[in-house]
Each structure stands twice: as structure tokens, then as C-alpha cells.
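Q: Sharing a structure here in C-alpha cells format.
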Amino acid sequence: MRRVLSCALSASLILGASIFSACTSTQDSASADRNGSSFQNAFKPKPSIERRKSGARVNPMVLSQSTRSNTRVVIDIADQRGYLLVDGKIAVDTPVSTARPGKWTPRGSFNMTQRVRTGKISTIYGVEMPYWMRLSGSAYGVHAGHLPGYPASAGCIRLPAESARVIFDNTTYGTRVNVYSSWGGA
């Protein structure tokens, strides 16, 4: 038993010595440690991402920097995701529902040319489309609607109601909307 404990202790000391030597600081990091920056960085607030029931993720820290003029919307058809970017950083990441098979969601770069918070009715189906944001004068837009988890619209881009409200409240006339077949990220 003593022999086993002795071997275990020796192995622990050797392992500890090798870890200690691997952690030897360079002069720059040593001076940073002496100045306390490593310690201070440990207490900086980490960005908290709020996860919503709809599947949306909101970064309040980035969203709080929105001036409405520094935002753009990106839609990724392949991933069925929409993003609100603030100064190029993702503030909102939300599920979307785009055109079902046999229909088409246009791709390209658009501007919001009409915005209607409530009262917009579909001329095709007669259903309400809250938080309507028209894409460059076309018949297509981004709005709150039902998301079944797959492409199901007649061509518009449906958002969960909560995401549509946040995006509507943080954009304005002329906000750029980029619709991609597949988007590579921010």
C-alpha cells in the first residue's frame, strides 16, 4: 500500500512540475499579471444572450447600441434564420419562415420602403401581418407570422411576433435588408 501511495505521490509531483513549467509567463503576460489586468478581466461582464421561447436569441448589449441608422437585416434562406445587425454585430438571431416549395422569396439587397406596425392585411390571404416592413416597393416584406419550423410562406419572410417587434423598433425607412440563399456570417 505504501509503495502504491509513494508511486502516486511521485507521479503527482512530476505532473505538477511539468504543468507549472508549461505555465511559465512571458515578460508581457507577467507584467500584465502584476498590473492586475488578468484579475480585472475575470470580473468584466460577459455578454449575456437572452434566449426566447420562439427560438430567437437577443444580445441586449449589442442591441442597446442601435441608433436605427446603424442597423441592417440579413435573411439566410438555407438556414431559415434572420439577423438584426448593429454596426456589423449580431443583436438578434431569430428563426424565420420563407417561401414554401413552388413559391419564391426574392434574393438580393433591398431597402425598407414601407413600415406598418399594425393593421396591414394580406391581399392574398386576408390575414393580418403585424410589423410589416416592405422590401424596396415589391409585393414582398418581412412581418410577424406563423412559423411551423420549415419554409411555408407565399414569399414573404415571417418572423416570430416578438422578433418582428424588436426588429421593427430598431430599424427605420431605408434600412438595408439582405436576403441570401446562404449567408456566411457577420
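Every chain in the C-alpha cells has a letter given in the order shown (A, B, ...), and although residue numbers restart at 1 in each chain, ligands are simply numbered from 1 in the order shown.
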What residues in segment 36-138 of chain A get the DSSP label helix (DSSP H, G or I)? Please answer as a ChimeraX atom specification.
A: /A:37-41,60-63
Q: Leaving out Pro106 of chain A and any residue of its chain fewer than 6 positions from it, which residues lie within 10 Å of it when counting only C-alpha atoms, given as a PyMOL selection string?
A: chain A and resi 77+98-99+135+138+140-141+155-157+178-181
Q: Pick from A:Arg107, A:Arg117, A:Arg57, A:His143: nearest to Ala78 of chain A, with only C-alpha atoms counted?
A: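 Checking each candidate against Ala78 of chain A, we get A:Arg107 as the closest.
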Q: Given only C-alpha atoms as the basis, pick out the residue of A:Val166, A:Ile121, A:Met133, A:Val177 nearest to Ser66 of chain A.
A: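 Of the candidates, the smallest distance to Ser66 of chain A is held by A:Val166.
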Q: Please, what distance in Å, to one decimal, runs between atom CA of Thr118 of chain A and atom CA of Trp132 of chain A?
A: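 Going from atom CA of Thr118 of chain A over to atom CA of Trp132 of chain A covers 7.7 Å.
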Q: Give me, as a VMD selection string, all polymer residues having an atom no more than 12 Å from Pro151 of chain A, counting only C-alpha atoms and skipping those fewer than 6 positions away in the same chain.
A: chain A and resid 76 to 81 95 to 105 157 to 159
Q: Near Ser48 of chain A, within 8 Å and counting only C-alpha atoms, which residues show up once chain neighbours fewer than 6 positions away are dropped, as a list in words?
A: Asn59, Pro60 and Met61 of chain A
Q: DSSP says strand (DSSP E) for which residues of segment 95-171 of chain A? Put them as a list of chain:residue names?
A: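 Secondary structure check on segment 95-171 of chain A, strand (DSSP E): A:Pro95, A:Gly108, A:Ser109, A:Phe110, A:Asn111, A:Met112, A:Thr113, A:Gln114, A:Arg115, A:Val116, A:Trp132, A:Met133, A:Arg134, A:Leu135, A:Gly141, A:Val142, A:His143, A:Ala144, A:Ile157, A:Arg158, A:Leu159.
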Q: So that I can check the surroundings of Glu50 of chain A, please list as an MDAnalysis selection string every protein, DNA and RNA residue that reaches within 12 Å of it, counting only C-alpha atoms and ignoring chain neighbours fewer than 4 positions away.
A: chainID A and resid 54:63 91:94
Q: Smallest atom-to-atom distance to Arg165 of chain A: which of A:Arg115, A:Arg134, A:Ser69, A:Leu147, using only C-alpha atoms?
A: A:Arg115
